[in-house]
$ cat start.cif   # mmCIF, C-alpha atoms (C1' of nucleotides)
data_coords
loop_
_atom_site.label_atom_id
_atom_site.label_comp_id
_atom_site.auth_asym_id
_atom_site.auth_seq_id
_atom_site.Cartn_x
_atom_site.Cartn_y
_atom_site.Cartn_z
CA MET A 282 0.00 0.00 0.00
CA THR A 283 2.32 2.73 -1.29
CA MET A 284 1.29 6.34 -0.67
CA ALA A 285 2.39 7.99 -3.92
CA LYS A 286 3.09 11.72 -3.93
CA ARG A 287 3.30 13.57 -7.23
CA ASP A 288 2.34 16.92 -8.69
CA THR A 289 -0.18 15.63 -11.17
CA TYR A 290 -1.39 12.28 -12.39
CA THR A 291 -1.47 10.94 -15.90
CA PRO A 292 -3.54 7.88 -16.79
CA GLU A 293 -0.28 5.93 -16.89
CA SER A 294 1.07 7.02 -13.52
CA LEU A 295 -2.33 6.47 -11.93
CA LEU A 296 -2.42 3.04 -13.50
CA ALA A 297 0.88 2.15 -11.87
CA VAL A 298 -0.54 2.94 -8.44
CA ALA A 299 -3.81 1.14 -9.11
CA VAL A 300 -2.14 -2.03 -10.34
CA GLU A 301 -0.07 -2.22 -7.16
CA VAL A 302 -3.22 -2.14 -5.05
CA PHE A 303 -5.04 -4.57 -7.33
CA ASN A 304 -2.25 -7.09 -6.88
CA GLU A 305 -2.16 -6.63 -3.13
CA ARG A 306 -5.87 -6.91 -2.43
CA GLY A 307 -7.14 -8.59 -5.59
CA TYR A 308 -9.20 -6.73 -8.18
CA ASP A 309 -12.58 -7.51 -6.61
CA GLY A 310 -11.20 -6.82 -3.15
CA THR A 311 -10.10 -3.31 -4.16
CA SER A 312 -12.58 -0.43 -3.88
CA MET A 313 -12.23 3.00 -5.47
CA GLU A 314 -11.80 4.24 -1.92
CA HIS A 315 -8.70 2.05 -1.56
CA LEU A 316 -7.35 3.41 -4.83
CA SER A 317 -7.97 7.02 -3.85
CA ARG A 318 -6.14 6.56 -0.55
CA ALA A 319 -3.17 4.89 -2.27
CA ALA A 320 -3.02 7.60 -4.94
CA GLY A 321 -3.42 10.44 -2.45
CA ILE A 322 -6.31 12.04 -4.35
CA SER A 323 -10.04 11.87 -3.80
CA LYS A 324 -12.21 9.12 -5.20
CA SER A 325 -13.97 11.42 -7.65
CA SER A 326 -10.68 12.78 -8.97
CA ILE A 327 -9.77 9.37 -10.30
CA TYR A 328 -12.61 9.69 -12.79
CA HIS A 329 -10.93 12.76 -14.26
CA HIS A 330 -8.12 10.53 -15.56
CA VAL A 331 -9.84 7.25 -16.37
CA LYS A 332 -13.39 6.15 -17.10
CA GLY A 333 -13.63 3.82 -14.15
CA LYS A 334 -12.35 0.81 -12.32
CA GLU A 335 -12.73 -1.60 -15.19
CA GLU A 336 -10.77 0.67 -17.55
CA LEU A 337 -7.82 0.52 -15.19
CA LEU A 338 -7.99 -3.26 -15.40
CA ARG A 339 -8.21 -3.15 -19.19
CA LEU A 340 -5.21 -0.82 -19.50
CA ALA A 341 -3.09 -2.99 -17.25
CA ILE A 342 -3.99 -6.21 -19.00
CA SER A 343 -3.39 -4.70 -22.45
CA ARG A 344 0.11 -3.79 -21.42
CA ALA A 345 0.80 -7.31 -20.21
CA LEU A 346 -0.59 -8.91 -23.36
CA ASP A 347 1.40 -6.58 -25.63
CA GLY A 348 4.57 -7.68 -23.89
CA LEU A 349 3.78 -11.36 -24.21
CA PHE A 350 2.61 -11.36 -27.82
CA GLY A 351 5.64 -9.25 -28.73
CA ILE A 352 7.80 -12.25 -27.87
CA LEU A 353 6.22 -14.36 -30.59
CA GLN A 354 7.25 -11.73 -33.18
CA GLU A 355 10.92 -11.88 -32.29
CA PRO A 356 13.13 -13.53 -34.94
CA ALA A 357 14.45 -16.17 -32.52
CA ALA A 358 10.85 -17.21 -31.86
CA ARG A 359 10.03 -17.60 -35.55
CA GLU A 360 13.14 -19.15 -37.09
CA GLY A 361 15.15 -22.24 -36.38
CA ARG A 362 14.60 -25.62 -34.78
CA ALA A 363 11.41 -25.88 -32.68
CA ILE A 364 13.23 -26.84 -29.49
CA GLU A 365 15.45 -23.75 -29.77
CA ARG A 366 12.49 -21.49 -30.48
CA LEU A 367 10.69 -23.00 -27.49
CA GLU A 368 13.68 -22.31 -25.26
CA HIS A 369 13.81 -18.74 -26.47
CA VAL A 370 10.09 -18.17 -25.87
CA THR A 371 10.39 -19.73 -22.42
CA ARG A 372 13.29 -17.50 -21.47
CA ARG A 373 11.72 -14.34 -22.89
CA THR A 374 8.33 -15.06 -21.33
CA ALA A 375 9.99 -15.33 -17.95
CA GLU A 376 11.87 -12.09 -18.59
CA VAL A 377 8.82 -10.13 -19.76
CA LEU A 378 6.88 -11.48 -16.82
CA MET A 379 9.47 -10.04 -14.44
CA ASP A 380 10.02 -6.77 -16.31
CA GLU A 381 6.26 -6.07 -16.44
CA LEU A 382 5.61 -7.91 -13.18
CA PRO A 383 2.55 -6.13 -11.76
CA TYR A 384 0.75 -6.01 -15.09
CA VAL A 385 1.32 -9.67 -15.95
CA THR A 386 0.45 -10.65 -12.37
CA LEU A 387 -2.93 -9.01 -12.80
CA LEU A 388 -3.46 -10.79 -16.11
CA LEU A 389 -2.73 -14.18 -14.60
CA ARG A 390 -5.25 -13.69 -11.80
CA VAL A 391 -8.40 -12.58 -13.62
CA ARG A 392 -11.38 -14.82 -12.94
CA GLY A 393 -13.80 -13.91 -15.76
CA ASN A 394 -16.48 -11.97 -13.86
CA THR A 395 -16.70 -9.09 -16.36
CA ASP A 396 -16.40 -8.67 -20.13
CA THR A 397 -12.91 -7.24 -19.74
CA GLU A 398 -11.80 -10.24 -17.71
CA ARG A 399 -13.24 -12.71 -20.16
CA TRP A 400 -11.47 -10.96 -23.04
CA ALA A 401 -8.22 -11.16 -21.09
CA MET A 402 -8.64 -14.89 -20.50
CA GLU A 403 -9.31 -15.47 -24.16
CA ARG A 404 -6.23 -13.57 -25.30
CA ARG A 405 -4.12 -15.38 -22.76
CA ARG A 406 -5.38 -18.75 -23.94
CA GLU A 407 -4.38 -17.74 -27.46
CA PHE A 408 -0.81 -17.07 -26.30
CA ASP A 409 -0.65 -20.38 -24.46
CA HIS A 410 -1.99 -22.15 -27.51
CA GLN A 411 0.75 -20.78 -29.74
CA VAL A 412 3.45 -21.92 -27.33
CA ALA A 413 1.78 -25.32 -27.07
CA GLU A 414 2.07 -25.63 -30.87
CA LEU A 415 5.78 -24.94 -30.58
CA LEU A 416 6.19 -27.63 -27.95
CA LYS A 417 4.26 -30.11 -30.04
CA ARG A 418 6.61 -29.51 -32.94
CA ALA A 419 9.65 -29.97 -30.73
CA ALA A 420 8.17 -33.28 -29.61
CA ALA A 421 7.61 -34.32 -33.22
CA ASP A 422 11.28 -33.51 -33.88
CA GLY A 423 12.14 -35.98 -31.13
CA ASP A 424 13.76 -33.28 -29.02
CA LEU A 425 11.47 -33.75 -26.02
CA ARG A 426 11.07 -36.76 -23.76
CA SER A 427 8.26 -38.92 -25.09
CA ASP A 428 6.92 -40.38 -21.85
CA VAL A 429 5.14 -37.15 -20.89
CA ASP A 430 2.16 -35.88 -22.88
CA ALA A 431 2.77 -32.64 -24.82
CA ARG A 432 -0.37 -30.94 -23.48
CA LEU A 433 0.61 -31.82 -19.95
CA ALA A 434 4.18 -30.68 -20.49
CA THR A 435 2.98 -27.32 -21.81
CA ARG A 436 0.86 -26.79 -18.74
CA LEU A 437 3.65 -27.72 -16.37
CA LEU A 438 6.05 -25.43 -18.21
CA PHE A 439 3.66 -22.50 -17.96
CA GLY A 440 2.95 -23.37 -14.36
CA MET A 441 6.62 -23.04 -13.58
CA ILE A 442 7.05 -19.77 -15.47
CA ASN A 443 3.85 -18.14 -14.25
CA SER A 444 4.59 -19.02 -10.65
CA ILE A 445 7.34 -16.41 -10.79
CA VAL A 446 4.75 -13.71 -10.08
CA GLU A 447 4.08 -15.31 -6.71
CA TRP A 448 7.54 -14.65 -5.31
CA TYR A 449 9.78 -12.57 -7.59
CA ARG A 450 10.32 -9.01 -6.37
CA PRO A 451 12.71 -6.83 -8.38
CA GLY A 452 15.84 -5.48 -6.75
CA ARG A 453 15.79 -7.71 -3.73
CA GLY A 454 18.35 -9.92 -2.01
CA GLY A 455 20.91 -11.91 -3.96
CA ALA A 456 21.92 -11.53 -7.57
CA ALA A 457 18.45 -12.16 -8.90
CA THR A 458 18.18 -10.16 -12.10
CA SER A 459 15.38 -11.17 -14.40
CA HIS A 460 17.93 -12.62 -16.82
CA GLU A 461 19.45 -14.88 -14.20
CA VAL A 462 16.10 -16.12 -12.95
CA ALA A 463 14.97 -16.74 -16.51
CA GLU A 464 18.11 -18.74 -17.16
CA ALA A 465 17.49 -20.86 -14.07
CA VAL A 466 13.92 -21.48 -15.21
CA VAL A 467 15.08 -22.67 -18.62
CA ARG A 468 17.70 -24.94 -17.10
CA THR A 469 15.31 -26.44 -14.55
CA ALA A 470 12.51 -26.94 -17.01
CA PHE A 471 14.53 -28.42 -19.84
CA ALA A 472 17.21 -30.36 -17.99
CA GLY A 473 15.39 -31.19 -14.75
CA LEU A 474 16.19 -30.91 -11.08
CA ARG A 475 18.17 -34.09 -10.55
CA THR A 476 21.89 -34.44 -11.05
CA GLN A 477 22.66 -35.71 -14.53
CA THR A 478 24.33 -39.14 -14.32
CA MET B 22 -22.61 -22.42 -11.28
CA THR B 23 -24.24 -25.71 -10.33
CA MET B 24 -27.81 -25.63 -9.05
CA ALA B 25 -27.69 -28.26 -6.31
CA LYS B 26 -30.89 -30.00 -5.26
CA ARG B 27 -31.03 -31.91 -1.96
CA ASP B 28 -33.44 -32.55 0.88
CA THR B 29 -31.47 -30.73 3.53
CA TYR B 30 -28.10 -29.12 3.91
CA THR B 31 -25.34 -29.89 6.36
CA PRO B 32 -22.46 -27.48 6.93
CA GLU B 33 -20.32 -29.89 4.88
CA SER B 34 -22.62 -30.22 1.89
CA LEU B 35 -23.21 -26.48 1.88
CA LEU B 36 -19.47 -25.96 1.99
CA ALA B 37 -19.04 -28.08 -1.13
CA VAL B 38 -21.43 -25.84 -3.05
CA ALA B 39 -19.88 -22.63 -1.71
CA VAL B 40 -16.32 -23.64 -2.56
CA GLU B 41 -17.34 -24.31 -6.15
CA VAL B 42 -18.71 -20.81 -6.48
CA PHE B 43 -15.73 -19.26 -4.67
CA ASN B 44 -13.39 -20.86 -7.17
CA GLU B 45 -15.45 -19.79 -10.15
CA ARG B 46 -15.90 -16.13 -9.17
CA GLY B 47 -13.16 -15.64 -6.62
CA TYR B 48 -13.91 -15.24 -2.90
CA ASP B 49 -14.29 -11.46 -2.98
CA GLY B 50 -16.27 -11.66 -6.19
CA THR B 51 -18.81 -14.00 -4.60
CA SER B 52 -21.80 -12.53 -2.74
CA MET B 53 -24.10 -14.36 -0.36
CA GLU B 54 -26.73 -13.86 -3.04
CA HIS B 55 -24.57 -15.87 -5.46
CA LEU B 56 -24.20 -18.61 -2.88
CA SER B 57 -27.91 -18.75 -2.12
CA ARG B 58 -28.75 -19.11 -5.81
CA ALA B 59 -26.20 -21.88 -6.29
CA ALA B 60 -27.40 -23.71 -3.18
CA GLY B 61 -31.07 -23.28 -4.03
CA ILE B 62 -31.97 -21.82 -0.63
CA SER B 63 -32.48 -18.25 0.48
CA LYS B 64 -29.66 -16.02 1.61
CA SER B 65 -30.81 -15.98 5.21
CA SER B 66 -31.06 -19.77 5.34
CA ILE B 67 -27.33 -20.06 4.84
CA TYR B 68 -26.86 -18.54 8.28
CA HIS B 69 -28.75 -21.43 9.81
CA HIS B 70 -25.87 -23.76 8.85
CA VAL B 71 -22.78 -21.57 9.12
CA LYS B 72 -21.88 -18.35 10.89
CA GLY B 73 -21.14 -16.41 7.73
CA LYS B 74 -19.13 -16.06 4.58
CA GLU B 75 -15.74 -16.05 6.27
CA GLU B 76 -16.50 -19.28 8.16
CA LEU B 77 -17.09 -21.03 4.85
CA LEU B 78 -13.65 -19.86 3.76
CA ARG B 79 -12.10 -21.06 7.02
CA LEU B 80 -13.69 -24.51 6.79
CA ALA B 81 -12.53 -24.97 3.20
CA ILE B 82 -8.99 -23.86 3.91
CA SER B 83 -8.73 -26.06 7.00
CA ARG B 84 -9.61 -29.08 4.94
CA ALA B 85 -6.94 -28.23 2.37
CA LEU B 86 -4.28 -27.66 5.01
CA ASP B 87 -5.11 -30.91 6.82
CA GLY B 88 -4.54 -32.81 3.59
CA LEU B 89 -1.23 -31.14 2.89
CA PHE B 90 0.25 -31.40 6.39
CA GLY B 91 -0.89 -35.02 6.52
CA ILE B 92 1.64 -35.77 3.79
CA LEU B 93 4.54 -34.73 5.97
CA GLN B 94 3.46 -37.32 8.57
CA GLU B 95 3.62 -40.24 6.16
CA PRO B 96 6.52 -42.67 6.76
CA ALA B 97 7.92 -42.23 3.25
CA ALA B 98 8.15 -38.49 3.93
CA ARG B 99 10.06 -38.97 7.17
CA GLU B 100 12.45 -41.83 6.50
CA GLY B 101 15.14 -42.48 3.92
CA ARG B 102 17.33 -40.44 1.64
CA ALA B 103 16.30 -36.79 1.27
CA ILE B 104 15.91 -36.97 -2.50
CA GLU B 105 13.55 -39.94 -2.15
CA ARG B 106 11.54 -38.21 0.55
CA LEU B 107 11.34 -35.11 -1.65
CA GLU B 108 10.07 -37.16 -4.56
CA HIS B 109 7.44 -38.74 -2.34
CA VAL B 110 6.26 -35.38 -0.98
CA THR B 111 6.16 -33.96 -4.50
CA ARG B 112 4.07 -36.86 -5.79
CA ARG B 113 1.73 -36.87 -2.81
CA THR B 114 1.30 -33.10 -2.82
CA ALA B 115 0.22 -33.29 -6.43
CA GLU B 116 -2.18 -36.12 -5.58
CA VAL B 117 -3.73 -34.41 -2.57
CA LEU B 118 -4.06 -31.24 -4.60
CA MET B 119 -6.10 -33.10 -7.21
CA ASP B 120 -8.12 -35.21 -4.74
CA GLU B 121 -9.10 -32.12 -2.72
CA LEU B 122 -8.98 -29.86 -5.74
CA PRO B 123 -11.56 -27.15 -4.93
CA TYR B 124 -10.36 -26.76 -1.35
CA VAL B 125 -6.66 -26.50 -2.22
CA THR B 126 -7.48 -24.19 -5.11
CA LEU B 127 -9.13 -21.81 -2.69
CA LEU B 128 -6.13 -21.99 -0.37
CA LEU B 129 -3.70 -21.15 -3.15
CA ARG B 130 -5.65 -18.06 -4.20
CA VAL B 131 -6.04 -16.36 -0.85
CA ARG B 132 -4.85 -12.73 -0.89
CA GLY B 133 -4.67 -11.78 2.81
CA ASN B 134 -7.52 -9.28 3.14
CA THR B 135 -8.98 -10.79 6.34
CA ASP B 136 -7.65 -12.52 9.45
CA THR B 137 -8.72 -15.90 8.11
CA GLU B 138 -6.85 -15.30 4.87
CA ARG B 139 -3.70 -14.17 6.65
CA TRP B 140 -3.79 -17.29 8.85
CA ALA B 141 -4.13 -19.43 5.73
CA MET B 142 -1.13 -17.76 4.11
CA GLU B 143 0.97 -18.31 7.21
CA ARG B 144 0.13 -22.01 7.44
CA ARG B 145 0.83 -22.45 3.76
CA ARG B 146 4.21 -20.77 4.12
CA GLU B 147 5.00 -23.22 6.91
CA PHE B 148 4.28 -26.16 4.63
CA ASP B 149 6.41 -24.70 1.86
CA HIS B 150 9.19 -24.11 4.33
CA GLN B 151 9.29 -27.73 5.43
CA VAL B 152 9.50 -28.92 1.83
CA ALA B 153 12.23 -26.36 1.16
CA GLU B 154 14.23 -27.90 4.03
CA LEU B 155 13.91 -31.28 2.39
CA LEU B 156 15.15 -29.94 -0.91
CA LYS B 157 18.07 -28.25 0.78
CA ARG B 158 19.10 -31.57 2.32
CA ALA B 159 18.86 -33.35 -1.01
CA ALA B 160 21.13 -30.66 -2.44
CA ALA B 161 23.59 -31.17 0.42
CA ASP B 162 23.59 -34.88 -0.41
CA GLY B 163 24.67 -33.97 -3.94
CA ASP B 164 21.49 -35.43 -5.42
CA LEU B 165 20.33 -32.20 -7.04
CA ARG B 166 21.96 -30.14 -9.76
CA SER B 167 24.14 -27.51 -8.18
CA ASP B 168 23.86 -24.72 -10.78
CA VAL B 169 20.37 -23.73 -9.62
CA ASP B 170 19.80 -22.15 -6.21
CA ALA B 171 17.86 -24.31 -3.73
CA ARG B 172 15.42 -21.53 -2.83
CA LEU B 173 14.72 -20.90 -6.48
CA ALA B 174 14.35 -24.60 -7.21
CA THR B 175 11.81 -24.97 -4.40
CA ARG B 176 9.73 -22.16 -5.80
CA LEU B 177 9.81 -23.52 -9.32
CA LEU B 178 8.88 -26.98 -8.05
CA PHE B 179 5.88 -25.61 -6.16
CA GLY B 180 5.00 -23.43 -9.11
CA MET B 181 4.77 -26.51 -11.27
CA ILE B 182 2.75 -28.51 -8.74
CA ASN B 183 0.40 -25.72 -7.74
CA SER B 184 -0.35 -24.83 -11.35
CA ILE B 185 -2.29 -28.09 -11.54
CA VAL B 186 -5.30 -26.32 -10.00
CA GLU B 187 -5.44 -24.06 -13.05
CA TRP B 188 -6.27 -26.83 -15.52
CA TYR B 189 -6.86 -30.26 -13.89
CA ARG B 190 -10.52 -31.30 -13.87
CA PRO B 191 -11.30 -34.78 -12.48
CA GLY B 192 -12.85 -37.37 -14.75
CA ARG B 193 -12.20 -35.61 -18.02
CA GLY B 194 -10.71 -36.61 -21.37
CA GLY B 195 -7.78 -39.02 -21.62
CA ALA B 196 -6.39 -41.31 -18.98
CA ALA B 197 -5.67 -38.53 -16.53
CA THR B 198 -6.07 -40.00 -13.07
CA SER B 199 -4.46 -38.04 -10.27
CA HIS B 200 -1.81 -40.75 -9.93
CA GLU B 201 -0.81 -40.51 -13.56
CA VAL B 202 -0.63 -36.73 -13.55
CA ALA B 203 1.39 -36.82 -10.33
CA GLU B 204 3.81 -39.26 -11.91
CA ALA B 205 4.24 -36.99 -14.92
CA VAL B 206 4.89 -34.04 -12.62
CA VAL B 207 7.59 -35.93 -10.75
CA ARG B 208 9.22 -37.08 -13.98
CA THR B 209 9.16 -33.61 -15.54
CA ALA B 210 10.40 -31.85 -12.44
CA PHE B 211 13.20 -34.23 -11.54
CA ALA B 212 14.40 -35.39 -14.96
CA GLY B 213 13.48 -32.38 -17.11
CA LEU B 214 11.69 -31.88 -20.39
CA ARG B 215 14.49 -32.51 -22.84
CA THR B 216 15.45 -35.89 -24.21
CA GLN B 217 18.23 -37.40 -22.12
CA THR B 218 21.35 -37.83 -24.27
"C1'" DA C 257 -52.85 -33.96 20.15
"C1'" DG C 258 -49.32 -31.01 21.75
"C1'" DA C 259 -44.41 -29.44 22.40
"C1'" DG C 260 -40.08 -28.91 20.53
"C1'" DT C 261 -36.98 -28.08 17.02
"C1'" DA C 262 -34.55 -28.13 12.48
"C1'" DA C 263 -34.81 -25.88 8.08
"C1'" DC C 264 -36.23 -22.34 5.79
"C1'" DC C 265 -38.21 -17.74 4.26
"C1'" DG C 266 -39.05 -12.41 3.08
"C1'" DA C 267 -38.09 -8.03 4.72
"C1'" DA C 268 -35.12 -5.03 6.34
"C1'" DC C 269 -30.59 -3.26 8.58
"C1'" DG C 270 -26.38 -0.10 8.33
"C1'" DA C 271 -22.35 -0.06 5.60
"C1'" DT C 272 -20.02 0.19 1.52
"C1'" DC C 273 -19.95 -0.29 -3.45
"C1'" DG C 274 -18.78 2.15 -8.25
"C1'" DG C 275 -19.97 6.26 -10.16
"C1'" DT C 276 -22.02 11.29 -10.82
"C1'" DC C 277 -22.42 16.17 -10.08
"C1'" DG C 278 -21.51 21.11 -9.45
"C1'" DG C 279 -18.13 23.84 -8.34
"C1'" DG C 280 -13.42 25.74 -6.51
"C1'" DA C 281 -8.38 26.63 -7.21
"C1'" DC C 282 -4.95 27.72 -10.33
"C1'" DA C 283 -2.16 28.43 -14.45
"C1'" DA C 284 -1.82 29.80 -19.38
"C1'" DG C 285 -3.16 32.54 -23.28
"C1'" DA C 286 -5.71 36.60 -25.00
"C1'" DT D 177 -8.36 41.35 -16.59
"C1'" DC D 178 -11.11 37.89 -18.54
"C1'" DT D 179 -11.67 33.44 -20.50
"C1'" DT D 180 -10.51 28.61 -20.98
"C1'" DG D 181 -9.13 24.24 -19.54
"C1'" DT D 182 -6.86 21.09 -16.19
"C1'" DC D 183 -6.99 19.02 -11.85
"C1'" DC D 184 -9.11 18.28 -7.94
"C1'" DC D 185 -12.73 18.26 -4.19
"C1'" DG D 186 -17.01 17.09 -0.92
"C1'" DA D 187 -21.58 15.68 -1.24
"C1'" DC D 188 -24.45 12.61 -2.93
"C1'" DC D 189 -26.75 8.73 -5.95
"C1'" DG D 190 -29.01 4.07 -6.43
"C1'" DA D 191 -27.42 -0.52 -5.95
"C1'" DT D 192 -25.51 -4.13 -3.58
"C1'" DC D 193 -22.86 -5.85 0.33
"C1'" DG D 194 -22.90 -9.32 4.59
"C1'" DT D 195 -25.86 -9.92 8.19
"C1'" DT D 196 -30.04 -9.93 11.42
"C1'" DC D 197 -34.73 -10.68 12.70
"C1'" DG D 198 -39.48 -12.33 13.26
"C1'" DG D 199 -42.08 -15.70 11.66
"C1'" DT D 200 -43.82 -20.11 8.99
"C1'" DT D 201 -43.59 -24.74 7.75
"C1'" DA D 202 -42.96 -29.57 8.63
"C1'" DC D 203 -41.13 -33.36 10.94
"C1'" DT D 204 -40.05 -35.89 15.45
"C1'" DC D 205 -40.79 -37.28 20.01
"C1'" DT D 206 -43.83 -38.03 23.87
#
$ encode --input "start.cif" --output "structure tokens"
Amino acid sequence: MTMAKRDTYTPESLLAVAVEVFNERGYDGTSMEHLSRAAGISKSSIYHHVKGKEELLRLAISRALDGLFGILQEPAAREGRAIERLEHVTRRTAEVLMDELPYVTLLLRVRGNTDTERWAMERRREFDHQVAELLKRAAADGDLRSDVDARLATRLLFGMINSIVEWYRPGRGGAATSHEVAEAVVRTAFAGLRTQT
Amino acid sequence: MTMAKRDTYTPESLLAVAVEVFNERGYDGTSMEHLSRAAGISKSSIYHHVKGKEELLRLAISRALDGLFGILQEPAAREGRAIERLEHVTRRTAEVLMDELPYVTLLLRVRGNTDTERWAMERRREFDHQVAELLKRAAADGDLRSDVDARLATRLLFGMINSIVEWYRPGRGGAATSHEVAEAVVRTAFAGLRTQT
DNA sequence: AGAGTAACCGAACGATCGGTCGGGACAAGA
DNA sequence: TCTTGTCCCGACCGATCGTTCGGTTACTCT
């Protein structure tokens, strides 16, 4: 619950405050009163900058989705052997997730109670689906272990990546840059936890 | 949003209905009106069986926590080499998560807005901590890869396991019993995705 | 038949919800 | 100095929130 102090708000800077509160209390658990206290302006003043609560959610989610879908446009995600492309997407997804942490966190937690939330879930499923295709191709190339189903493997891979939002906090103890964490994720996911014998 | 029809409710049977709705709409996004519609009784009748909304949350979370902490009491989780105990706890955690799916799902999504929620988060942290200790011992035994931090590995492992609640639905397509999924989780986590060379 | 009680109901409570409204303070441009 | 527009405010709106209350039904036990 950060008490932000600034001369004047823009939709963007207000969004940053709002997303923090959304992630702390949950979207449904956050009232406009909570937002106004965190932003340091009155409840009604918020409506000068944005249309309402749901617009704040939409803006935040759009930003997260732009970051994620941008990955799929990168050359390393479109060219080369499937297993290499999959590794790249995995690494970059983890990185984007950490660089845009609060926005992606919000995206991953929507439940589908409003139109905006349902749109977010649909777009997210589309992203997952495209990565699943990549994994399926890597399996067909014989580059993935064959005793685990591709659908299941995709879900476990995403589970591992997405769980980052539950504990990663930027600029905290240790040498945990987003690059280093992403590298550890790729290693753990692709090579496993156990010592190679 | 299942419309349950039964002669009479018990706190337990009412809980089952409530937890379904909580998971669909989120706890904060669920009103007593929603619950009454799903249960097929009036809003005020709910208070004949339970004290209120927060008690339903407490009952559900207690059930989830009992299942999880029960794992740590099992012989295979207390005796033997650390890596074997860790594998057992991993497999069993995945199984319990699927067998008590709606209750554990609720536990994993708690945000900490009320006393009950904060208690749930604390108990869950305690469980995670005990598993982290196990992983640290396995690392000390040299049974885990040394180029990934133990803390990080614990989090990724839990991320993978806990993500099951996002997609697993009992009795659906394929041969996906909880045992089989749990086995796939263990294999993926400990041996990795890539083909062993 | 009568008493007791478990299960339920509609109506209403004060509080809080997201959002609206009219206007004040202030700076820039004329 | 007068207008215009930005940024903000307190007061208030109808709706919905979780919860309470008085009462009705229906079954059980004696």
$ interface_residues --input "start.cif" --of "chain A" --to "chain C" --cutoff "10 Å" --atoms "only C-alpha atoms (C1' of nucleotides)" --output "list in words"
Ser312, Met313, Glu314, Lys324, Ser325, Tyr328, Lys332, Gly333, Lys334 and Glu335 of chain A
$ interface_residues --input "start.cif" --of "chain A" --to "chain D" --cutoff "12 Å" --atoms "all atoms listed in the file" --output "PyMOL selection string"
chain A and resi 288-291+321-330
$ resolve_selection --input "start.cif" --expression "the PyMOL selection byres ((chain A) within 7 of (chain B))" --output "PyMOL selection string"
chain A and resi 306-307+309-310+392+394+424-426+429+437+440-441+444+465+469-476
$ write_last_selection --input "start.cif" --atoms "C-alpha atoms" --output "compact mmCIF listing (two decimals), in the frame of the given file"
# COMPACT_ATOMS: atom_id res chain seq x y z
CA ARG A 306 -5.87 -6.91 -2.43
CA GLY A 307 -7.14 -8.59 -5.59
CA ASP A 309 -12.58 -7.51 -6.61
CA GLY A 310 -11.20 -6.82 -3.15
CA ARG A 392 -11.38 -14.82 -12.94
CA ASN A 394 -16.48 -11.97 -13.86
CA ASP A 424 13.76 -33.28 -29.02
CA LEU A 425 11.47 -33.75 -26.02
CA ARG A 426 11.07 -36.76 -23.76
CA VAL A 429 5.14 -37.15 -20.89
CA LEU A 437 3.65 -27.72 -16.37
CA GLY A 440 2.95 -23.37 -14.36
CA MET A 441 6.62 -23.04 -13.58
CA SER A 444 4.59 -19.02 -10.65
CA ALA A 465 17.49 -20.86 -14.07
CA THR A 469 15.31 -26.44 -14.55
CA ALA A 470 12.51 -26.94 -17.01
CA PHE A 471 14.53 -28.42 -19.84
CA ALA A 472 17.21 -30.36 -17.99
CA GLY A 473 15.39 -31.19 -14.75
CA LEU A 474 16.19 -30.91 -11.08
CA ARG A 475 18.17 -34.09 -10.55
CA THR A 476 21.89 -34.44 -11.05
$ atom_distance --input "start.cif" --atom1 "CA of Pro191 in chain B" --atom2 "CA of Phe43 in chain B"
17.9 Å
$ atom_distance --input "start.cif" --atom1 "CA of Val300 in chain A" --atom2 "CA of Leu382 in chain A"
10.1 Å
$ atom_distance --input "start.cif" --atom1 "CA of Leu129 in chain B" --atom2 "CA of Leu77 in chain B"
15.6 Å
$ closest_residue --input "start.cif" --among "B:Glu143, B:Glu100, B:Glu95, B:Glu105" --to "Leu128 in chain B" --atoms "only C-alpha atoms"
B:Glu143
